[in-house]
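What follows is structure-v5.txt (compact mmCIF, C-alpha atoms and all ligand atoms).
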```txt
# COMPACT_ATOMS: atom_id res chain seq x y z
CA MET O 1 17.01 15.20 -17.56
CA LYS O 2 15.61 13.86 -20.85
CA PHE O 3 15.38 10.09 -21.05
CA ARG O 4 17.52 8.41 -23.73
CA LEU O 5 16.28 5.06 -25.01
CA THR O 6 19.52 3.16 -25.71
CA PRO O 7 20.22 -0.18 -27.47
CA LYS O 8 21.17 -1.60 -24.04
CA ILE O 9 17.73 -0.77 -22.60
CA LYS O 10 16.00 -2.21 -25.67
CA ASP O 11 18.09 -5.39 -25.48
CA ILE O 12 17.32 -6.06 -21.79
CA ILE O 13 13.60 -5.47 -22.33
CA ALA O 14 13.56 -7.82 -25.35
CA ARG O 15 15.38 -10.55 -23.35
CA ASP O 16 13.03 -10.02 -20.40
CA ARG O 17 9.99 -10.51 -22.63
CA LYS O 18 11.39 -13.86 -23.79
CA VAL O 19 12.04 -15.46 -20.40
CA ILE O 20 10.02 -13.66 -17.71
CA MET O 21 6.50 -15.03 -17.28
CA THR O 22 4.32 -12.04 -16.43
CA THR O 23 4.30 -8.84 -14.45
CA THR O 24 2.13 -5.77 -14.05
CA ARG O 25 4.36 -3.39 -16.02
CA GLY O 26 2.95 -0.54 -18.06
CA GLU O 27 4.71 1.21 -20.91
CA VAL O 28 7.55 2.82 -18.99
CA PRO O 29 10.95 1.36 -20.10
CA PHE O 30 12.76 1.78 -16.79
CA VAL O 31 15.65 -0.70 -16.35
CA ALA O 32 17.08 -0.28 -12.85
CA SER O 33 20.75 0.12 -12.09
CA HIS O 34 21.37 1.99 -8.82
CA GLY O 35 20.06 4.77 -6.64
CA ARG O 36 20.27 6.73 -3.42
CA GLY O 37 17.94 9.12 -1.64
CA ASP O 38 15.73 11.05 -4.08
CA PHE O 39 17.20 9.57 -7.25
CA VAL O 40 17.44 6.36 -9.18
CA TYR O 41 19.48 5.63 -12.30
CA ASP O 42 18.89 3.20 -15.13
CA VAL O 43 21.47 1.00 -16.86
CA SER O 44 22.24 3.75 -19.40
CA GLY O 45 22.79 6.47 -16.81
CA ASN O 46 19.37 8.13 -17.18
CA ARG O 47 18.53 9.80 -13.86
CA PHE O 48 15.04 9.92 -12.39
CA ILE O 49 13.43 11.66 -9.43
CA ASP O 50 11.49 9.01 -7.54
CA PHE O 51 7.80 9.73 -6.96
CA SER O 52 7.00 6.01 -6.69
CA SER O 53 9.08 4.86 -3.70
CA PHE O 54 9.25 1.71 -5.83
CA ILE O 55 5.68 0.74 -4.95
CA SER O 56 5.72 2.35 -1.52
CA VAL O 57 8.79 0.42 -0.36
CA TYR O 58 11.48 3.12 -0.20
CA ASN O 59 9.60 5.34 2.24
CA PHE O 60 12.91 6.68 3.55
CA GLY O 61 14.82 7.11 0.30
CA VAL O 62 15.86 4.99 -2.67
CA ASN O 63 17.77 1.88 -1.52
CA GLY O 64 16.65 2.37 2.10
CA THR O 65 18.57 4.01 4.91
CA LYS O 66 22.38 3.81 5.11
CA GLU O 67 22.00 2.12 8.51
CA ALA O 68 19.81 -0.62 6.98
CA ALA O 69 22.37 -1.28 4.22
CA ALA O 70 25.14 -1.64 6.82
CA ALA O 71 23.00 -3.94 9.01
CA ILE O 72 22.16 -6.10 5.98
CA SER O 73 25.84 -6.61 5.04
CA SER O 74 26.89 -7.33 8.57
CA GLN O 75 24.08 -9.86 9.22
CA ALA O 76 24.60 -11.53 5.80
CA ALA O 77 28.20 -12.24 6.76
CA LYS O 78 27.11 -13.96 10.02
CA LEU O 79 23.95 -15.97 9.32
CA MET O 80 21.11 -15.33 6.88
CA HIS O 81 18.53 -18.02 7.43
CA PRO O 82 17.98 -19.29 10.97
CA ALA O 83 15.01 -21.62 10.20
CA PHE O 84 13.17 -19.40 12.66
CA THR O 85 9.93 -21.36 12.55
CA ASP O 86 11.69 -24.56 13.64
CA TYR O 87 14.55 -23.22 15.80
CA TYR O 88 15.00 -20.03 17.85
CA ALA O 89 16.87 -16.77 17.18
CA GLU O 90 17.02 -13.57 19.21
CA GLN O 91 16.90 -10.96 16.44
CA PRO O 92 13.31 -11.64 15.23
CA VAL O 93 12.15 -11.70 18.87
CA ALA O 94 13.86 -8.36 19.59
CA PHE O 95 12.38 -6.87 16.42
CA ALA O 96 8.89 -8.09 17.38
CA GLU O 97 9.32 -6.53 20.85
CA ASN O 98 10.48 -3.28 19.26
CA LEU O 99 7.62 -3.31 16.73
CA LEU O 100 4.96 -3.89 19.38
CA THR O 101 5.89 -0.56 21.02
CA MET O 102 4.32 1.09 17.94
CA PHE O 103 0.96 -0.63 18.50
CA PRO O 104 -1.93 0.14 20.82
CA LYS O 105 -1.88 -1.53 24.24
CA GLY O 106 -2.80 -5.19 24.18
CA PHE O 107 -1.11 -6.11 20.90
CA GLY O 108 1.31 -8.88 21.66
CA LYS O 109 1.59 -11.51 18.94
CA VAL O 110 3.61 -11.20 15.72
CA PHE O 111 3.95 -13.53 12.72
CA PHE O 112 6.67 -13.02 10.10
CA SER O 113 6.39 -13.90 6.42
CA ASN O 114 7.83 -12.52 3.19
CA SER O 115 5.19 -10.34 1.51
CA GLY O 116 1.94 -8.45 1.90
CA THR O 117 -0.15 -11.23 0.49
CA GLU O 118 1.30 -13.73 2.99
CA ALA O 119 0.70 -11.30 5.87
CA ASN O 120 -2.96 -11.24 4.79
CA GLU O 121 -3.14 -15.02 4.32
CA ALA O 122 -2.06 -15.36 7.95
CA ALA O 123 -4.69 -12.80 9.01
CA ILE O 124 -7.41 -14.70 7.11
CA LYS O 125 -6.48 -17.98 8.79
CA TYR O 126 -6.10 -16.45 12.25
CA SER O 127 -9.51 -14.76 11.98
CA LYS O 128 -11.10 -18.10 11.14
CA LEU O 129 -9.27 -19.85 13.97
CA PHE O 130 -9.98 -17.21 16.60
CA THR O 131 -13.68 -16.78 15.79
CA LYS O 132 -14.46 -20.30 14.51
CA ARG O 133 -16.34 -18.60 11.65
CA GLN O 134 -15.88 -19.21 7.93
CA TYR O 135 -16.75 -16.04 5.98
CA THR O 136 -14.85 -12.81 5.47
CA ILE O 137 -16.01 -9.38 4.35
CA ALA O 138 -13.92 -7.14 2.10
CA PHE O 139 -14.62 -4.02 0.06
CA TYR O 140 -14.98 -3.35 -3.62
CA ASN O 141 -11.95 -1.64 -5.07
CA SER O 142 -9.70 -3.25 -2.46
CA PHE O 143 -6.34 -4.89 -3.07
CA HIS O 144 -5.07 -7.40 -0.53
CA GLY O 145 -2.77 -9.55 -2.67
CA ARG O 146 -2.74 -12.22 -5.34
CA THR O 147 -2.50 -15.60 -3.61
CA ILE O 148 -5.88 -17.32 -3.59
CA GLY O 149 -6.88 -16.37 -0.03
CA SER O 150 -6.01 -12.71 -0.34
CA LEU O 151 -7.13 -12.63 -3.99
CA SER O 152 -10.53 -13.74 -2.73
CA LEU O 153 -10.60 -10.48 -0.77
CA THR O 154 -9.14 -8.37 -3.58
CA SER O 155 -11.73 -6.67 -5.73
CA SER O 156 -10.10 -3.86 -7.63
CA LYS O 157 -9.70 -5.17 -11.20
CA ILE O 158 -11.34 -8.04 -13.08
CA ALA O 159 -7.98 -8.83 -14.76
CA GLN O 160 -6.63 -9.82 -11.35
CA ARG O 161 -9.49 -12.28 -10.67
CA GLU O 162 -10.77 -13.65 -13.95
CA ARG O 163 -9.98 -17.33 -14.60
CA PHE O 164 -8.85 -17.86 -10.98
CA GLY O 165 -12.12 -18.69 -9.26
CA PRO O 166 -13.84 -20.24 -7.48
CA PHE O 167 -12.71 -18.17 -4.53
CA ASN O 168 -12.93 -18.48 -0.76
CA SER O 169 -16.03 -17.42 1.12
CA VAL O 170 -15.77 -13.64 0.86
CA VAL O 171 -18.64 -11.18 0.59
CA HIS O 172 -17.87 -7.76 -0.87
CA ALA O 173 -19.39 -4.43 0.10
CA PRO O 174 -19.09 -0.85 -1.21
CA TYR O 175 -16.19 1.28 0.07
CA ALA O 176 -16.58 5.01 0.70
CA TYR O 177 -15.18 6.16 -2.66
CA CYS O 178 -16.83 9.55 -2.39
CA TYR O 179 -15.59 11.01 -5.70
CA ARG O 180 -17.42 8.15 -7.44
CA CYS O 181 -19.96 7.15 -4.82
CA PRO O 182 -21.04 3.56 -5.63
CA LEU O 183 -24.51 4.49 -4.34
CA GLY O 184 -24.72 7.72 -6.35
CA LYS O 185 -24.86 9.90 -3.23
CA GLU O 186 -22.86 12.88 -1.98
CA TYR O 187 -20.82 13.17 1.18
CA PRO O 188 -21.71 14.31 3.84
CA SER O 189 -25.45 14.44 3.09
CA CYS O 190 -25.28 10.67 2.33
CA GLY O 191 -25.08 9.93 6.08
CA ILE O 192 -22.43 7.29 5.21
CA ALA O 193 -25.01 5.23 3.35
CA CYS O 194 -22.31 2.78 2.21
CA ALA O 195 -21.73 1.60 5.79
CA ASP O 196 -25.49 1.24 6.18
CA TYR O 197 -25.60 -0.77 2.96
CA LEU O 198 -23.24 -3.34 4.49
CA LYS O 199 -25.77 -3.93 7.27
CA LYS O 200 -28.87 -3.79 5.05
CA TYR O 201 -27.71 -6.03 2.20
CA PRO O 202 -24.62 -8.27 2.54
CA LEU O 203 -25.20 -8.87 6.27
CA ALA O 204 -28.99 -9.14 5.99
CA LYS O 205 -29.43 -10.99 2.72
CA GLU O 206 -26.23 -12.82 1.83
CA VAL O 207 -24.30 -13.98 4.89
CA SER O 208 -25.27 -14.30 8.52
CA PRO O 209 -23.24 -11.90 10.70
CA LYS O 210 -22.72 -14.91 12.99
CA GLU O 211 -20.69 -16.61 10.26
CA VAL O 212 -18.35 -13.71 9.47
CA SER O 213 -14.87 -13.99 10.99
CA ALA O 214 -13.47 -10.61 9.96
CA ILE O 215 -13.87 -7.45 7.95
CA PHE O 216 -10.71 -6.64 5.98
CA ILE O 217 -10.17 -2.98 5.25
CA GLU O 218 -7.44 -0.81 3.77
CA PRO O 219 -7.57 2.42 5.83
CA VAL O 220 -6.70 4.17 2.54
CA GLN O 221 -7.28 2.11 -0.58
CA GLY O 222 -4.03 1.77 -2.53
CA GLU O 223 -4.05 -0.13 -5.81
CA GLY O 224 -7.78 0.63 -6.10
CA GLY O 225 -7.04 4.34 -6.65
CA TYR O 226 -5.73 6.05 -3.51
CA VAL O 227 -9.17 6.47 -2.02
CA VAL O 228 -9.43 8.14 1.39
CA PRO O 229 -12.70 7.31 3.17
CA PRO O 230 -14.41 9.68 5.61
CA ARG O 231 -13.53 9.03 9.25
CA GLU O 232 -17.17 8.13 10.04
CA PHE O 233 -17.08 5.29 7.51
CA VAL O 234 -14.12 3.60 9.17
CA LYS O 235 -15.65 4.15 12.62
CA GLU O 236 -18.96 2.64 11.49
CA VAL O 237 -17.19 -0.40 9.99
CA ARG O 238 -15.41 -0.88 13.34
CA LYS O 239 -18.77 -0.69 15.11
CA ILE O 240 -20.38 -3.25 12.78
CA ALA O 241 -17.49 -5.63 13.46
CA THR O 242 -17.65 -5.13 17.23
CA ASP O 243 -21.45 -5.41 17.42
CA ASN O 244 -21.34 -8.72 15.60
CA GLY O 245 -18.30 -10.38 17.17
CA MET O 246 -16.26 -10.04 13.98
CA LEU O 247 -12.60 -9.00 13.90
CA LEU O 248 -11.43 -5.92 12.07
CA VAL O 249 -8.26 -6.45 10.03
CA SER O 250 -6.39 -3.34 8.92
CA ASP O 251 -4.34 -4.02 5.80
CA GLU O 252 -1.55 -1.47 6.20
CA VAL O 253 0.72 -3.04 3.61
CA GLN O 254 0.71 0.12 1.48
CA ALA O 255 -0.70 2.84 3.77
CA GLY O 256 1.25 1.92 6.92
CA TYR O 257 4.83 2.66 7.97
CA MET O 258 4.28 6.46 7.94
CA ARG O 259 3.10 6.57 4.33
CA ALA O 260 -0.35 7.94 5.28
CA GLY O 261 1.19 10.26 7.89
CA LYS O 262 1.23 7.97 10.92
CA PHE O 263 3.02 4.73 11.68
CA LEU O 264 -0.34 2.96 11.56
CA ALA O 265 -2.64 4.41 8.91
CA MET O 266 -5.66 3.34 10.99
CA ASP O 267 -4.64 5.89 13.65
CA ASN O 268 -5.78 8.64 11.25
CA PHE O 269 -9.35 7.49 11.90
CA GLY O 270 -9.22 7.10 15.67
CA VAL O 271 -9.97 3.39 15.27
CA GLU O 272 -8.15 0.29 16.53
CA ALA O 273 -8.24 -2.89 14.47
CA ASP O 274 -7.83 -6.39 15.95
CA ILE O 275 -5.22 -7.58 13.47
CA TYR O 276 -2.81 -5.44 11.41
CA THR O 277 -0.86 -6.51 8.34
CA LEU O 278 2.33 -4.80 7.15
CA ALA O 279 4.95 -5.38 4.43
CA LYS O 280 6.45 -3.16 1.67
CA ALA O 281 8.31 -0.35 3.55
CA ALA O 282 8.82 -2.50 6.66
CA GLY O 283 11.88 -4.27 5.23
CA GLY O 284 13.53 -1.08 3.96
CA GLY O 285 13.93 -2.78 0.54
CA LEU O 286 14.10 -6.44 1.60
CA PRO O 287 11.07 -8.73 1.65
CA ILE O 288 9.16 -9.05 4.89
CA GLY O 289 5.49 -9.58 5.76
CA ILE O 290 4.20 -8.94 9.26
CA THR O 291 0.90 -9.90 10.91
CA VAL O 292 0.22 -8.44 14.35
CA ALA O 293 -2.69 -9.59 16.53
CA ARG O 294 -4.24 -8.62 19.84
CA ASN O 295 -3.09 -10.74 22.75
CA SER O 296 -6.67 -11.36 23.83
CA LEU O 297 -7.39 -13.31 20.61
CA GLY O 298 -5.27 -16.17 21.90
CA ASN O 299 -2.65 -18.34 20.29
CA VAL O 300 -2.62 -20.18 16.99
CA PRO O 301 -2.35 -23.92 17.70
CA GLU O 302 1.13 -25.39 17.10
CA GLY O 303 1.55 -26.41 13.46
CA ALA O 304 -1.59 -24.62 12.24
CA HIS O 305 0.34 -21.96 10.33
CA SER O 306 4.03 -21.56 9.51
CA ASN O 307 6.55 -21.03 6.71
CA THR O 308 10.25 -21.44 5.84
CA PHE O 309 11.63 -17.94 5.50
CA GLY O 310 9.65 -15.97 8.11
CA GLY O 311 12.12 -14.30 10.49
CA ASN O 312 14.96 -14.33 7.94
CA LEU O 313 17.80 -12.62 9.78
CA VAL O 314 18.84 -10.33 6.93
CA SER O 315 15.27 -9.09 6.38
CA VAL O 316 14.85 -8.68 10.13
CA ALA O 317 18.13 -6.72 10.38
CA ALA O 318 16.87 -4.36 7.67
CA ALA O 319 13.43 -4.10 9.27
CA ASP O 320 14.71 -3.50 12.78
CA THR O 321 17.16 -0.83 11.60
CA THR O 322 14.39 0.83 9.59
CA LEU O 323 12.10 0.81 12.62
CA ARG O 324 14.85 2.29 14.84
CA TYR O 325 15.34 5.01 12.23
CA ILE O 326 11.62 5.80 12.33
CA LYS O 327 11.49 5.89 16.13
CA LYS O 328 14.59 8.09 16.37
CA ASN O 329 13.35 10.52 13.70
CA MET O 330 9.60 10.39 14.41
CA ARG O 331 9.19 14.13 15.12
CA SER O 332 11.18 15.14 12.05
CA LEU O 333 9.38 12.61 9.82
CA GLU O 334 5.97 13.82 10.99
CA ALA O 335 6.96 17.43 10.35
CA GLN O 336 8.34 16.55 6.89
CA ILE O 337 5.19 14.68 5.95
CA LYS O 338 3.00 17.62 7.00
CA GLU O 339 5.07 20.18 5.14
CA LYS O 340 5.48 18.08 1.97
CA ASN O 341 1.79 17.12 1.98
CA ARG O 342 0.96 20.84 2.02
CA ILE O 343 3.37 21.61 -0.85
CA ILE O 344 2.02 18.76 -2.99
CA MET O 345 -1.66 19.35 -2.21
CA ASP O 346 -1.41 23.13 -2.86
CA ARG O 347 0.28 22.54 -6.16
CA LEU O 348 -2.07 19.72 -7.26
CA ASN O 349 -5.15 21.67 -6.23
CA ARG O 350 -3.96 24.57 -8.38
CA MET O 351 -3.52 22.10 -11.25
CA LYS O 352 -7.06 20.87 -10.60
CA ASP O 353 -8.37 24.44 -11.00
CA GLU O 354 -6.40 24.96 -14.18
CA TYR O 355 -6.63 21.69 -16.11
CA GLU O 356 -9.91 20.04 -17.11
CA ILE O 357 -8.42 16.53 -16.95
CA VAL O 358 -7.46 16.77 -13.28
CA GLY O 359 -10.70 15.59 -11.69
CA ASP O 360 -9.79 14.89 -8.09
CA VAL O 361 -6.83 15.30 -5.77
CA ARG O 362 -6.87 13.45 -2.46
CA GLY O 363 -4.59 11.86 0.06
CA LEU O 364 -3.31 11.46 3.56
CA GLY O 365 0.30 12.16 4.51
CA LEU O 366 2.47 11.38 1.51
CA MET O 367 -0.02 8.92 0.01
CA ILE O 368 -1.59 11.21 -2.57
CA GLY O 369 -3.59 10.39 -5.69
CA VAL O 370 -4.56 12.46 -8.74
CA GLU O 371 -7.60 11.16 -10.63
CA PHE O 372 -7.76 11.98 -14.34
CA VAL O 373 -11.10 12.54 -16.11
CA LYS O 374 -12.17 13.38 -19.66
CA ASP O 375 -13.95 16.41 -18.20
CA LYS O 376 -14.97 17.49 -14.73
CA LYS O 377 -18.70 17.24 -15.43
CA SER O 378 -18.92 13.72 -16.84
CA LYS O 379 -16.01 12.45 -14.69
CA ALA O 380 -15.41 9.82 -17.41
CA PRO O 381 -12.08 8.14 -16.53
CA ALA O 382 -9.25 9.53 -18.71
CA VAL O 383 -7.17 6.37 -18.89
CA LYS O 384 -5.15 7.22 -22.02
CA GLU O 385 -4.46 10.73 -20.76
CA ARG O 386 -3.31 9.36 -17.40
CA ASP O 387 -0.99 6.89 -19.14
CA ALA O 388 0.35 9.67 -21.38
CA VAL O 389 1.13 11.84 -18.34
CA VAL O 390 3.04 8.96 -16.68
CA LEU O 391 5.06 8.33 -19.88
CA GLU O 392 5.75 12.01 -20.64
CA SER O 393 6.90 12.54 -17.03
CA PHE O 394 9.14 9.49 -17.33
CA ASN O 395 10.65 10.88 -20.55
CA ASN O 396 11.54 13.99 -18.56
CA GLY O 397 13.08 12.21 -15.59
CA LEU O 398 10.23 11.53 -13.15
CA LEU O 399 9.21 8.02 -12.05
CA MET O 400 5.56 7.56 -11.05
CA LEU O 401 3.08 4.69 -10.84
CA PRO O 402 -0.55 4.53 -11.89
CA CYS O 403 -3.34 2.95 -9.82
CA GLY O 404 -7.12 2.60 -9.95
CA GLU O 405 -8.69 3.18 -13.35
CA SER O 406 -7.24 6.62 -14.10
CA VAL O 407 -5.22 7.69 -11.07
CA ILE O 408 -1.53 8.54 -10.60
CA ARG O 409 0.05 7.99 -7.19
CA ILE O 410 2.29 10.69 -5.79
CA ILE O 411 4.36 8.75 -3.28
CA PRO O 412 7.85 10.16 -3.04
CA PRO O 413 10.15 9.04 -0.26
CA ILE O 414 9.16 10.91 2.92
CA THR O 415 12.75 12.16 3.07
CA ILE O 416 12.73 13.70 -0.44
CA SER O 417 14.38 17.14 -0.58
CA ARG O 418 12.24 20.17 -1.27
CA SER O 419 14.11 20.91 -4.51
CA SER O 420 13.56 17.37 -5.89
CA LEU O 421 9.92 17.53 -4.83
CA GLU O 422 9.38 20.81 -6.66
CA GLU O 423 11.34 19.69 -9.71
CA GLY O 424 9.16 16.55 -9.84
CA LEU O 425 5.97 18.58 -9.57
CA ASP O 426 7.20 20.86 -12.39
CA ILE O 427 7.77 17.81 -14.61
CA LEU O 428 4.32 16.45 -13.73
CA GLU O 429 2.60 19.76 -14.45
CA ALA O 430 4.39 20.14 -17.80
CA ALA O 431 3.18 16.63 -18.75
CA ILE O 432 -0.41 17.47 -17.76
CA ARG O 433 -0.25 20.75 -19.69
CA LYS O 434 1.00 18.88 -22.77
CA SER O 435 -1.75 16.29 -22.41
CA CYS O 436 -4.34 19.12 -22.37
CA GLY O 437 -2.79 20.54 -25.56
CA LYS O 438 -1.93 23.78 -23.69
C1 LIG O 501 -2.87 -2.90 0.60
C2 LIG O 501 -2.08 -4.03 0.02
N1 LIG O 501 -2.22 -5.26 0.56
C3 LIG O 501 -1.51 -6.30 0.10
C4 LIG O 501 -0.65 -6.16 -0.97
C5 LIG O 501 0.12 -7.35 -1.47
O1 LIG O 501 1.46 -7.21 -1.14
P1 LIG O 501 2.57 -8.09 -1.89
O2 LIG O 501 2.64 -7.60 -3.28
O3 LIG O 501 3.83 -7.84 -1.10
O4 LIG O 501 2.12 -9.50 -1.80
C6 LIG O 501 -0.49 -4.91 -1.57
C7 LIG O 501 0.42 -4.74 -2.71
O5 LIG O 501 0.42 -3.77 -3.42
C8 LIG O 501 -1.21 -3.81 -1.05
O6 LIG O 501 -1.10 -2.60 -1.59
```

The structure in this file should be written as structure tokens.
Ligand SMILES: Cc1ncc(COP(=O)(O)O)c(C=O)c1O
Amino acid sequence: MKFRLTPKIKDIIARDRKVIMTTTRGEVPFVASHGRGDFVYDVSGNRFIDFSSFISVYNFGVNGTKEAAAAISSQAAKLMHPAFTDYYAEQPVAFAENLLTMFPKGFGKVFFSNSGTEANEAAIKYSKLFTKRQYTIAFYNSFHGRTIGSLSLTSSKIAQRERFGPFNSVVHAPYAYCYRCPLGKEYPSCGIACADYLKKYPLAKEVSPKEVSAIFIEPVQGEGGYVVPPREFVKEVRKIATDNGMLLVSDEVQAGYMRAGKFLAMDNFGVEADIYTLAKAAGGGLPIGITVARNSLGNVPEGAHSNTFGGNLVSVAAADTTLRYIKKNMRSLEAQIKEKNRIIMDRLNRMKDEYEIVGDVRGLGLMIGVEFVKDKKSKAPAVKERDAVVLESFNNGLLMLPCGESVIRIIPPITISRSSLEEGLDILEAAIRKSCGK
């Protein structure tokens, strides 16, 4: 369906620009109205296939599952806010118990907040409390959020950091971004030199390993460009943490909740972290942040960390229903992810062979990125071309989001139908062909 830019759309965007402070929007004039399943509609009736899951939130279809919508209405009619951090309520406890069944043995403590950045703030503070150490390690190209603690970890774009320093005590290290190796090497002959670098430089010349509380890692980097590291890299990072008494924190805010093929993205690497953070898809469309820690780390002293809205009963109703949906449909979801990953990767790899601007195609599960380059030899980032592909696809009824410097994310709902998936890929390919002047 061709997009029609109507006076109504123009009016809302003009009013938005007057009163809304700032966002991260690009050029796509999408003004939301309603949606269900594979599709979302704007205020003028333009229909779009969703390849964005609205920033990896609608992992099980636009507007979440029907069960979650029903649970939200029913809970909203009873009680919304139970002041869970000051009083008690059963629903958040039952949800925490249910959630812990998805974690490795020994995980037993859950903290609720409202967003990914807050889930990471809690993880930063807990790591400091549990280890009595001050520093944190994070990776270049990472995104952990925008509040000052998690922004101190974030290192994917200067625009996100400039003017906001000084930051907390974080030391950054290279991530295994093999398509653009920060050390100029090639995998696998590199011998995972980036993990070695962490030991040889940051931990030998900048910060004492004895002062590092935790290493924060995204098992698959999200905002930084959908970068999938080799398994050995993640294993080596785990080993460095263990050898030095540091915690490993897996930021699963984007990659978790089945997006990268498993409930916990870290499970793809055969590694267990000590603290996990979740948000986005967990609330099925409502805000929730979740921090989960190993029992053996101990308890956070009373009053050391808390909030107002954590454990909100409506968010918890949505989250618990979403989790029940996942558990009930686990086999089918895993099979769908495998099959749809194959369809997307086959198609994108063929595009890579055919079009000079498609430099790299990579992903795990249904967390797939396409990196655009001026040409395959120079690998110069094709930012304008990437933006043009996103806009042209939008004009033809496909919603997608950029990430990294010149990457497009392909993150449809896991439940997308095969026909919508193929129609979306046709729209994407036509946009790429146009961008190549073919
Ligand atoms: C990996 C990761 N961590 C943390 C965040 C921050 O989450 P929020 O925007 O809910 O604060 C994001 C958001 O994109 C993310 O992708």

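The coordinates place atom CA of O:Val220 at 18.8 Å from atom CA of O:Ser115.
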
Dump as a tab-separated table the rows for residues of stretch 96-177 of chain O within 7 Å of stretch 287-310 of chain O: closest atom pair and distance in Å with one decimal, only C-alpha atoms counted, ordered by chain and rising residue number.
```
residue	atom	partner	partner_atom	distance
O:Gly106	CA	O:Arg294	CA	5.7
O:Phe107	CA	O:Arg294	CA	4.1
O:Gly108	CA	O:Asn295	CA	4.9
O:Lys109	CA	O:Ala293	CA	5.3
O:Val110	CA	O:Val292	CA	4.6
O:Phe111	CA	O:Thr291	CA	5.1
O:Phe112	CA	O:Gly310	CA	4.6
O:Ser113	CA	O:Gly310	CA	4.2
O:Asn114	CA	O:Ile288	CA	4.1
O:Ser115	CA	O:Gly289	CA	4.3
O:Gly116	CA	O:Gly289	CA	5.4
O:Glu118	CA	O:Gly289	CA	6.5
O:Ala119	CA	O:Gly289	CA	5.1
O:Ala122	CA	O:Thr291	CA	6.9
O:Ala123	CA	O:Thr291	CA	6.6
O:Tyr126	CA	O:Val300	CA	7.0
O:Phe130	CA	O:Leu297	CA	6.2
```

- Using all atoms listed in the file, give me every residue within 12 Å of (-24.6, -2.4, 3.3) in file coordinates, as a PyMOL selection string. chain O and resi 137-140+171-176+182-183+192-207+233+236-237+240

- Message: as a ChimeraX atom specification, please: the residues near O:Val57 (cut-off 9 Å, only C-alpha atoms, same-chain neighbours under 3 positions excluded).
- Response: /O:52-54,60,62,64,254,279-286,413

- Query: Separation of atom CA of O:Phe39 and atom CA of O:Arg4, in Å?
  - Reply: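 Between atom CA of O:Phe39 and atom CA of O:Arg4 the gap is 16.5 Å.
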
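The gap separating atom CA of O:Met345 from atom CA of O:Lys379 is 20.2 Å, in Å to one decimal.
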
- Message: Given only C-alpha atoms as the basis, pick out the residue of O:Ala380, O:Cys190, O:Val212, O:Ala71 nearest to O:Ile124.
- Response: O:Val212

- Task: Could you pull out the residues sitting within 6 Å of ligand LIG 501 (chain O), using all atoms listed in the file, and write them as a list in words?
- Result: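 These are the residues that qualify: Ser115, Gly116, Thr117, Phe143, His144, Gly145, Glu218, Gly222, Glu223, Asp251, Glu252, Val253 and Gln254 of chain O.
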
- Task: Could you tell me which of O:Arg347, O:Arg342, O:Arg15, O:Lys262 comes closest to O:Met102 if we count all atoms listed in the file?
- Result: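 Ranked by minimum distance to O:Met102, first place goes to O:Lys262.
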
- Query: Leaving out O:Val373 and any residue of its chain fewer than 3 positions from it, which residues lie within 10 Å of it when counting only C-alpha atoms, given as a list in words?
  - Reply: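 So, after excluding close chain neighbours, the residues are Glu356, Ile357, Val358, Gly359, Asp360, Val370, Lys376, Lys377, Ser378, Lys379, Ala380, Pro381, Ala382, Val383, Lys384, Glu385, Arg386, Ser406 and Val407 of chain O.
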
- Task: Compile the contact shell of stretch 11-13 of chain O as an NGL selection string: residues with an atom at most 10 Å away, counting all atoms listed in the file, same-chain residues fewer than 3 positions apart removed.
- Result: :O and (6-8 or 16-18 or 29-31 or 43)

- Query: Contacts of O:Leu391 at 8 Å or less, counting all atoms listed in the file, minus same-chain residues fewer than 3 places along, as a PyMOL selection string?
  - Reply: chain O and resi 27-28+387-388+394-395
